[in-house]
>>> print(open('structure.txt').read())   # compact mmCIF, C-alpha atoms
# COMPACT_ATOMS: atom_id res chain seq x y z
CA MET A 1 -21.45 -19.56 19.48
CA THR A 2 -17.69 -19.89 19.84
CA ARG A 3 -17.16 -20.04 16.08
CA PHE A 4 -18.33 -16.41 15.84
CA LEU A 5 -15.98 -15.28 18.57
CA LEU A 6 -12.89 -14.97 16.36
CA PRO A 7 -14.52 -13.03 13.48
CA LEU A 8 -16.27 -10.80 16.03
CA SER A 9 -13.04 -9.97 17.85
CA ILE A 10 -11.27 -9.23 14.53
CA PHE A 11 -14.19 -6.99 13.57
CA ILE A 12 -13.97 -5.11 16.89
CA VAL A 13 -10.22 -4.58 16.49
CA VAL A 14 -10.72 -3.24 12.94
CA VAL A 15 -13.51 -0.93 14.12
CA VAL A 16 -11.30 0.42 16.93
CA PHE A 17 -8.45 1.12 14.48
CA LEU A 18 -10.77 2.78 11.97
CA GLY A 19 -12.28 4.84 14.79
CA ILE A 20 -8.83 6.07 15.85
CA GLY A 21 -8.02 6.78 12.21
CA LEU A 22 -11.14 8.91 11.82
CA LYS A 23 -10.20 11.05 14.80
CA LEU A 24 -6.68 11.77 13.55
CA ASN A 25 -6.16 14.80 11.37
CA PRO A 26 -3.87 13.85 8.49
CA ARG A 27 -3.02 17.50 7.94
CA GLU A 28 -1.47 17.76 11.39
CA ILE A 29 2.10 16.66 11.01
CA PRO A 30 3.92 16.34 14.33
CA SER A 31 6.71 18.89 14.42
CA PRO A 32 10.22 17.67 15.18
CA LEU A 33 10.97 21.19 16.45
CA VAL A 34 8.94 20.93 19.65
CA GLY A 35 11.47 20.69 22.49
CA LYS A 36 14.22 22.23 20.36
CA ALA A 37 15.59 25.75 20.30
CA ALA A 38 13.52 28.12 18.18
CA PRO A 39 15.42 28.76 14.93
CA ASP A 40 17.12 32.13 14.91
CA PHE A 41 16.23 34.85 12.44
CA SER A 42 16.55 38.54 12.06
CA GLN A 43 13.83 39.99 9.89
CA PRO A 44 12.79 43.57 9.15
CA GLN A 45 9.78 44.80 11.08
CA LEU A 46 6.51 45.42 9.29
CA PHE A 47 5.84 48.90 10.61
CA GLU A 48 9.47 49.98 10.97
CA PRO A 49 11.40 48.26 8.16
CA ALA A 50 14.67 49.80 9.33
CA LYS A 51 14.45 47.85 12.61
CA VAL A 52 14.88 44.12 12.87
CA PHE A 53 12.96 41.56 14.89
CA SER A 54 14.83 38.57 16.26
CA PRO A 55 14.00 35.83 18.80
CA ALA A 56 17.16 36.86 20.65
CA ASP A 57 15.27 40.00 21.75
CA MET A 58 12.80 37.74 23.52
CA LYS A 59 15.21 35.82 25.78
CA GLY A 60 13.85 35.48 29.30
CA LYS A 61 10.23 35.83 28.24
CA VAL A 62 7.51 33.36 27.38
CA TRP A 63 5.98 34.43 24.08
CA LEU A 64 3.96 33.30 21.10
CA LEU A 65 5.16 33.49 17.53
CA ASN A 66 2.24 33.57 15.12
CA PHE A 67 2.77 33.08 11.38
CA TRP A 68 0.00 34.83 9.48
CA ALA A 69 -0.72 36.59 6.21
CA SER A 70 -3.33 38.97 4.90
CA TRP A 71 -4.18 36.45 2.13
CA CYS A 72 -4.86 33.64 4.59
CA SER A 73 -8.50 32.99 5.43
CA GLY A 74 -7.70 30.89 8.51
CA CYS A 75 -5.89 33.92 9.92
CA LYS A 76 -9.09 35.93 9.70
CA THR A 77 -10.93 33.17 11.60
CA GLU A 78 -8.24 33.11 14.25
CA HIS A 79 -7.87 36.86 14.54
CA PRO A 80 -10.56 37.63 17.18
CA VAL A 81 -9.03 34.92 19.40
CA LEU A 82 -5.62 36.56 19.12
CA MET A 83 -7.12 39.97 19.86
CA ASP A 84 -8.77 38.61 23.03
CA LEU A 85 -5.57 36.88 24.11
CA ALA A 86 -3.54 40.05 23.51
CA LYS A 87 -6.06 42.08 25.50
CA SER A 88 -5.96 39.63 28.40
CA GLY A 89 -2.22 40.32 28.75
CA GLU A 90 -1.50 36.65 29.51
CA VAL A 91 1.25 36.33 26.93
CA PRO A 92 2.68 38.58 24.22
CA ILE A 93 1.98 37.46 20.64
CA TYR A 94 4.58 38.37 18.07
CA GLY A 95 3.63 38.18 14.43
CA MET A 96 5.49 36.92 11.40
CA ASP A 97 3.97 38.16 8.18
CA TYR A 98 4.45 35.16 5.92
CA LYS A 99 4.88 35.62 2.13
CA ASP A 100 2.75 38.73 2.04
CA GLN A 101 2.66 42.22 0.54
CA ARG A 102 3.73 44.81 3.07
CA ASP A 103 0.98 47.34 2.27
CA GLU A 104 -1.72 44.66 2.27
CA ALA A 105 -0.53 43.33 5.62
CA MET A 106 -0.62 46.83 7.15
CA THR A 107 -4.10 47.50 5.74
CA TRP A 108 -5.30 44.15 7.11
CA LEU A 109 -4.00 44.96 10.61
CA SER A 110 -5.43 48.47 10.65
CA ARG A 111 -8.78 47.11 9.50
CA TRP A 112 -9.13 44.17 11.89
CA GLY A 113 -6.89 45.30 14.75
CA ASN A 114 -3.29 44.56 15.65
CA PRO A 115 -2.67 42.02 18.44
CA TYR A 116 1.10 42.09 17.92
CA PRO A 117 3.61 44.36 19.70
CA VAL A 118 6.00 43.68 16.80
CA VAL A 119 5.51 42.02 13.44
CA GLY A 120 8.43 40.60 11.47
CA VAL A 121 8.34 40.26 7.70
CA ASP A 122 9.15 36.94 6.05
CA ASP A 123 8.48 37.77 2.43
CA ALA A 124 10.47 34.87 0.94
CA GLY A 125 9.08 32.31 3.37
CA ARG A 126 12.55 31.30 4.58
CA VAL A 127 11.83 31.80 8.28
CA GLY A 128 8.70 29.74 7.70
CA ILE A 129 10.75 26.87 6.29
CA ASN A 130 13.14 27.01 9.25
CA TYR A 131 10.17 26.73 11.58
CA GLY A 132 8.61 23.93 9.56
CA VAL A 133 5.61 26.05 8.59
CA TYR A 134 3.51 24.43 5.87
CA GLY A 135 0.28 26.31 6.15
CA VAL A 136 -0.58 29.56 7.87
CA PRO A 137 -1.72 30.26 10.51
CA GLU A 138 0.71 28.43 12.73
CA THR A 139 1.58 29.43 16.28
CA TYR A 140 4.56 28.52 18.42
CA VAL A 141 4.85 28.80 22.20
CA ILE A 142 8.45 29.68 23.04
CA ASP A 143 9.81 29.57 26.60
CA LYS A 144 12.28 31.77 28.49
CA GLN A 145 15.26 29.79 27.18
CA GLY A 146 14.07 30.16 23.61
CA VAL A 147 12.85 26.57 23.30
CA ILE A 148 9.70 25.75 21.32
CA GLN A 149 7.24 24.12 23.71
CA TYR A 150 4.14 23.81 21.57
CA LYS A 151 3.10 24.18 17.97
CA GLN A 152 -0.42 24.95 16.87
CA ILE A 153 -1.15 24.04 13.26
CA GLY A 154 -4.09 25.94 11.86
CA PRO A 155 -6.22 28.60 13.56
CA LEU A 156 -6.21 28.92 17.34
CA ASP A 157 -9.67 28.77 18.88
CA SER A 158 -10.70 30.03 22.30
CA GLU A 159 -10.94 26.50 23.66
CA THR A 160 -7.34 25.68 22.69
CA VAL A 161 -6.19 28.99 24.13
CA GLU A 162 -7.95 28.39 27.46
CA LYS A 163 -7.19 24.70 27.82
CA LYS A 164 -3.71 24.46 26.30
CA ILE A 165 -1.98 27.77 25.64
CA ILE A 166 -2.70 29.66 28.87
CA PRO A 167 -1.99 26.72 31.24
CA LEU A 168 1.24 26.00 29.33
CA VAL A 169 2.29 29.67 29.44
CA LYS A 170 1.61 29.82 33.21
CA GLN A 171 3.62 26.67 33.77
CA LEU A 172 6.52 28.04 31.69
CA GLU A 173 6.36 31.41 33.45
CA ALA A 174 6.73 29.65 36.79
CA GLN A 175 9.91 27.91 35.74
CA MET B 1 8.88 51.26 -44.28
CA ASN B 2 8.76 54.07 -41.83
CA ILE B 3 10.63 54.36 -38.57
CA GLN B 4 7.61 53.29 -36.47
CA TRP B 5 7.44 49.91 -38.17
CA ILE B 6 11.14 49.35 -37.64
CA ALA B 7 10.76 50.30 -34.01
CA LEU B 8 7.87 47.83 -33.61
CA ILE B 9 9.87 45.00 -35.17
CA VAL B 10 12.85 45.77 -32.94
CA VAL B 11 10.61 45.78 -29.87
CA LEU B 12 9.03 42.45 -30.85
CA PHE B 13 12.43 40.87 -31.37
CA LEU B 14 13.68 42.12 -28.03
CA SER B 15 10.63 40.83 -26.23
CA GLY B 16 11.25 37.29 -27.56
CA PRO B 17 13.47 36.16 -24.69
CA VAL B 18 10.89 37.42 -22.17
CA TRP B 19 8.32 34.94 -23.50
CA ALA B 20 10.91 32.19 -23.58
CA GLY B 21 11.77 32.92 -19.95
CA GLU B 22 8.50 31.44 -18.72
CA ALA B 23 9.55 27.87 -19.40
CA ARG B 24 12.78 28.09 -17.47
CA PRO B 25 14.34 24.77 -16.46
CA LEU B 26 14.36 23.78 -12.78
CA ALA B 27 17.96 24.75 -12.36
CA ASP B 28 20.32 26.42 -14.72
CA ASP B 29 22.85 23.67 -15.18
CA PRO B 30 21.71 20.19 -16.23
CA ALA B 31 23.67 18.32 -13.56
CA SER B 32 22.05 20.10 -10.62
CA GLU B 33 18.69 19.96 -12.40
CA ALA B 34 19.04 16.18 -12.50
CA ARG B 35 19.97 16.11 -8.81
CA LEU B 36 17.00 18.29 -7.91
CA LYS B 37 14.65 16.01 -9.87
CA HIS B 38 16.16 12.93 -8.27
CA LEU B 39 15.72 14.42 -4.77
CA ALA B 40 12.34 16.00 -5.37
CA VAL B 41 10.62 12.71 -6.27
CA GLU B 42 11.71 11.29 -2.90
CA LEU B 43 10.24 14.23 -0.96
CA ARG B 44 6.64 14.85 -0.07
CA CYS B 45 4.88 18.14 -0.58
CA LEU B 46 3.39 19.05 2.80
CA VAL B 47 0.46 20.97 1.40
CA CYS B 48 -0.86 18.44 -1.11
CA GLN B 49 0.28 15.40 0.74
CA ASN B 50 -0.02 12.83 -2.02
CA GLN B 51 2.21 14.73 -4.38
CA THR B 52 5.96 14.78 -4.44
CA LEU B 53 7.91 17.97 -4.25
CA ALA B 54 8.61 17.54 -7.96
CA ASP B 55 4.93 17.35 -8.95
CA SER B 56 3.44 20.00 -6.72
CA ASN B 57 2.71 23.55 -7.73
CA ALA B 58 1.91 24.69 -4.20
CA PRO B 59 3.82 27.84 -3.19
CA LEU B 60 5.47 25.95 -0.34
CA ALA B 61 6.69 23.27 -2.76
CA GLU B 62 8.16 26.01 -4.94
CA ASP B 63 9.92 27.48 -1.92
CA LEU B 64 11.24 24.09 -0.87
CA ARG B 65 12.52 23.41 -4.39
CA ARG B 66 14.28 26.76 -4.21
CA GLU B 67 15.88 25.76 -0.88
CA VAL B 68 16.97 22.39 -2.29
CA ARG B 69 18.35 24.08 -5.42
CA GLU B 70 20.36 26.46 -3.23
CA MET B 71 21.69 23.60 -1.14
CA ILE B 72 22.73 21.78 -4.32
CA ALA B 73 24.50 24.94 -5.43
CA LYS B 74 26.31 24.94 -2.08
CA ASN B 75 27.50 21.40 -2.87
CA MET B 76 25.68 19.80 0.04
CA SER B 77 25.26 16.03 -0.12
CA ASP B 78 21.84 14.38 -0.58
CA GLN B 79 22.14 13.18 3.00
CA GLU B 80 22.66 16.73 4.29
CA ILE B 81 19.76 18.09 2.24
CA ILE B 82 17.42 15.38 3.53
CA GLU B 83 18.59 16.04 7.09
CA PHE B 84 17.85 19.75 6.62
CA LEU B 85 14.28 18.96 5.61
CA THR B 86 13.59 16.25 8.19
CA ALA B 87 14.88 18.53 10.96
CA ARG B 88 12.10 20.96 10.03
CA TYR B 89 9.25 18.81 8.79
CA GLY B 90 9.99 15.41 10.32
CA ASP B 91 10.12 12.05 8.58
CA PHE B 92 6.82 12.94 6.98
CA VAL B 93 8.63 14.70 4.12
CA LEU B 94 10.19 11.42 3.09
CA TYR B 95 8.24 9.16 0.79
CA ARG B 96 10.30 6.27 2.13
CA PRO B 97 10.24 6.55 5.92
CA PRO B 98 13.41 5.39 7.67
CA LEU B 99 13.39 2.23 9.81
CA LYS B 100 13.15 3.51 13.39
CA ALA B 101 11.53 2.46 16.66
CA THR B 102 8.46 4.54 15.80
CA THR B 103 8.16 3.20 12.26
CA THR B 104 8.73 -0.50 13.02
CA LEU B 105 5.04 -1.31 12.80
CA LEU B 106 4.87 0.45 9.44
CA TRP B 107 7.70 -1.64 8.01
CA VAL B 108 7.04 -4.94 9.77
CA GLY B 109 3.22 -4.71 9.80
CA PRO B 110 2.57 -6.03 6.27
CA PHE B 111 4.88 -9.02 6.83
CA LEU B 112 3.18 -9.72 10.16
CA LEU B 113 -0.21 -9.68 8.43
CA VAL B 114 1.06 -12.12 5.76
CA ILE B 115 2.42 -14.45 8.46
CA VAL B 116 -0.83 -14.29 10.46
CA GLY B 117 -2.89 -14.86 7.32
CA ALA B 118 -0.75 -17.76 6.11
CA THR B 119 -0.85 -19.42 9.56
CA ALA B 120 -4.62 -19.06 9.71
CA LEU B 121 -4.93 -20.52 6.21
CA ILE B 122 -2.71 -23.51 7.03
CA ILE B 123 -4.59 -24.18 10.28
CA THR B 124 -8.00 -24.09 8.56
CA LEU B 125 -6.82 -26.27 5.69
CA ARG B 126 -5.42 -28.88 8.10
CA ARG B 127 -8.57 -28.81 10.19
CA ARG B 128 -10.71 -29.26 7.12
CA ALA B 129 -8.51 -32.11 5.88
CA SER B 130 -8.92 -33.93 9.19
CA LYS B 131 -12.70 -33.61 8.93
CA VAL B 132 -12.84 -35.41 5.58
CA VAL B 133 -13.50 -39.10 6.32
CA ASP B 134 -13.18 -41.83 3.73
CA VAL B 135 -16.57 -43.50 3.35
CA PRO B 136 -16.31 -46.88 1.60
CA VAL B 137 -18.83 -47.29 -1.22
CA THR B 138 -20.77 -50.52 -1.19
CA GLU B 139 -21.48 -52.69 -4.22
CA ASP B 140 -25.13 -51.62 -4.19
CA GLU B 141 -24.25 -47.97 -4.20
CA HIS B 142 -21.79 -48.53 -7.08
CA ARG B 143 -24.49 -50.12 -9.16
CA ARG B 144 -26.87 -47.28 -8.39
CA VAL B 145 -24.29 -44.73 -9.49
CA GLU B 146 -23.75 -46.59 -12.74
CA GLN B 147 -27.48 -46.72 -13.27
CA LEU B 148 -27.96 -43.03 -12.56
CA LEU B 149 -25.19 -42.09 -14.93
CA THR B 150 -26.42 -44.23 -17.81
CA GLU B 151 -30.11 -43.52 -17.41
CA GLY B 152 -29.63 -39.78 -17.00
CA GLY B 153 -31.01 -39.56 -13.48
CA LYS B 154 -34.32 -41.35 -14.09
CA ARG B 155 -35.81 -42.61 -10.81
CA PRO B 156 -35.83 -46.40 -10.53
>>> encode(input="structure.txt", output="structure tokens")
Amino acid sequence: MTRFLLPLSIFIVVVVFLGIGLKLNPREIPSPLVGKAAPDFSQPQLFEPAKVFSPADMKGKVWLLNFWASWCSGCKTEHPVLMDLAKSGEVPIYGMDYKDQRDEAMTWLSRWGNPYPVVGVDDAGRVGINYGVYGVPETYVIDKQGVIQYKQIGPLDSETVEKKIIPLVKQLEAQ
Amino acid sequence: MNIQWIALIVVLFLSGPVWAGEARPLADDPASEARLKHLAVELRCLVCQNQTLADSNAPLAEDLRREVREMIAKNMSDQEIIEFLTARYGDFVLYRPPLKATTTLLWVGPFLLVIVGATALIITLRRRASKVVDVPVTEDEHRRVEQLLTEGGKRP
């Protein structure tokens, strides 16, 4: 019996490692920006191009910054969740229209609804690069001091919003 | 030849450079093009993760090449450019991850496995060697072997 003990234990260790590997999502790259100040920008607004949108305007508030685009299918999936969250009034969601056509973005929002008080325009994708965006949608939770506290890669779902985003926002609001 | 033909020829000649423009080099001067190539093969495209920044045609890779090209134009060092990218995308953008506390297992792991494997091999070989016992062959057995070999295995 004992001669099988060693191969069996090696097998169990390998199975455990493979199991962990299966659960990891290789597309989710941990962001080095969590815990750091949100990169500054000053981008024209989608609906009022003469005005700019900047994170400096948001000092003292907990808010979400959502990178999206009208060409992005994940954004369509995520959209009802954002609409619900916006309606709940828990936290304001600000949009960043990533590498998009202005008219198409406006049509998209008027068709599906607009959860954003303000949308900034990042047509060259430079703000995206500063935030480490590599695939839209991506959402950042930014605290009162302007520090990124959480990054969501890919579409938000209602479970993530209820279990992660809202508790985190409440905790940050209390600070 | 009437004026319309001349006009057509002139238009075709003028449009030549537009066609040629499609195959533009990575950067306009060869030195920075070489630097961009040298850097881009060390950097990972985040969208198609098994491609380098040099190979990938993903829009993000194009944007990142543009950023790198601009940083080269600003005379930033390779070190500074790599720091710019790792500050945003983490060590994941590097094809050769740096040796850090979090990457020790990655760097040391293969050597550990070789050491463990070699030790196991040596132990088994030694154990096996100790199990082999010299059995003296008697005269009778010797004769039987000779017989078997010469008679081709016929039973006595």
>>> closest_residue(input="structure.txt", among="A:Ala37, A:Val81, A:Pro30, A:Ser9", to="Glu162 of chain A", atoms="only C-alpha atoms")
A:Val81
>>> closest_atom_pairs(input="structure.txt", of="chain A", to="chain B", cutoff="10 Å", atoms="all atoms listed in the file", output="Markdown table")
| residue | atom | partner | partner_atom | distance |
| --- | --- | --- | --- | --- |
| A:Pro26 | CA | B:Gln49 | CA | 8.9 |
| A:Arg27 | CA | B:Val47 | CA | 8.2 |
| A:Glu28 | CA | B:Leu46 | CA | 10.0 |
| A:Ile29 | CA | B:Phe92 | CA | 7.2 |
| A:Pro30 | CA | B:Gly90 | CA | 7.3 |
| A:Ser31 | CA | B:Tyr89 | CA | 6.2 |
| A:Pro32 | CA | B:Gly90 | CA | 5.4 |
| A:Leu33 | CA | B:Arg88 | CA | 6.5 |
| A:Pro39 | CA | B:Arg88 | CA | 9.8 |
| A:Lys99 | CA | B:Pro59 | CA | 9.5 |
| A:Ala124 | CA | B:Asp63 | CA | 7.9 |
| A:Gly125 | CA | B:Asp63 | CA | 7.2 |
| A:Arg126 | CA | B:Asp63 | CA | 8.0 |
| A:Gly128 | CA | B:Leu60 | CA | 9.5 |
| A:Ile129 | CA | B:Arg88 | CA | 7.1 |
| A:Asn130 | CA | B:Arg88 | CA | 6.2 |
| A:Tyr131 | CA | B:Arg88 | CA | 6.3 |
| A:Gly132 | CA | B:Arg88 | CA | 4.6 |
| A:Val133 | CA | B:Tyr89 | CA | 8.1 |
| A:Tyr134 | CA | B:Leu46 | CA | 6.2 |
| A:Gly135 | CA | B:Val47 | CA | 7.1 |
>>> residues_around(input="structure.txt", residues="Phe67 of chain A", least_positions_apart="2", cutoff="10 Å", atoms="only C-alpha atoms", output="number ranges by chain")
A: 64-65, 69, 75, 94-99, 119-122, 127-128, 131, 133, 135-140, 154
>>> residues_around(input="structure.txt", residues="Gln149 of chain A", least_positions_apart="3", cutoff="8 Å", atoms="only C-alpha atoms", output="PyMOL selection string")
chain A and resi 34-36+140-143
>>> write_last_selection(input="structure.txt", atoms="C-alpha atoms", output="compact mmCIF listing (two decimals), in the frame of the given file")
# COMPACT_ATOMS: atom_id res chain seq x y z
CA VAL A 34 8.94 20.93 19.65
CA GLY A 35 11.47 20.69 22.49
CA LYS A 36 14.22 22.23 20.36
CA TYR A 140 4.56 28.52 18.42
CA VAL A 141 4.85 28.80 22.20
CA ILE A 142 8.45 29.68 23.04
CA ASP A 143 9.81 29.57 26.60
>>> residues_around(input="structure.txt", residues="Asp57 of chain A", least_positions_apart="6", cutoff="12 Å", atoms="all atoms listed in the file", output="PyMOL selection string")
chain A and resi 40-43+63+94+118+144-146
>>> closest_residue(input="structure.txt", among="A:Asn25, A:Ser73, A:Gln171, A:Gln152", to="Glu90 of chain A", atoms="all atoms listed in the file")
A:Gln171
>>> atom_distance(input="structure.txt", atom1="atom CA of Asn50 of chain B", atom2="atom CA of Leu22 of chain A")
18.2 Å
>>> atom_distance(input="structure.txt", atom1="atom CA of Ala58 of chain B", atom2="atom CA of Ala40 of chain B")
13.6 Å
>>> atom_distance(input="structure.txt", atom1="atom CA of Val133 of chain B", atom2="atom CA of Leu121 of chain B")
20.5 Å
>>> residues_near_point(input="structure.txt", point="(8.1, 11.9, -2.5)", cutoff="8 Å", atoms="all atoms listed in the file", output="VMD selection string")
chain B and resid 40 to 45 51 to 54 93 to 96
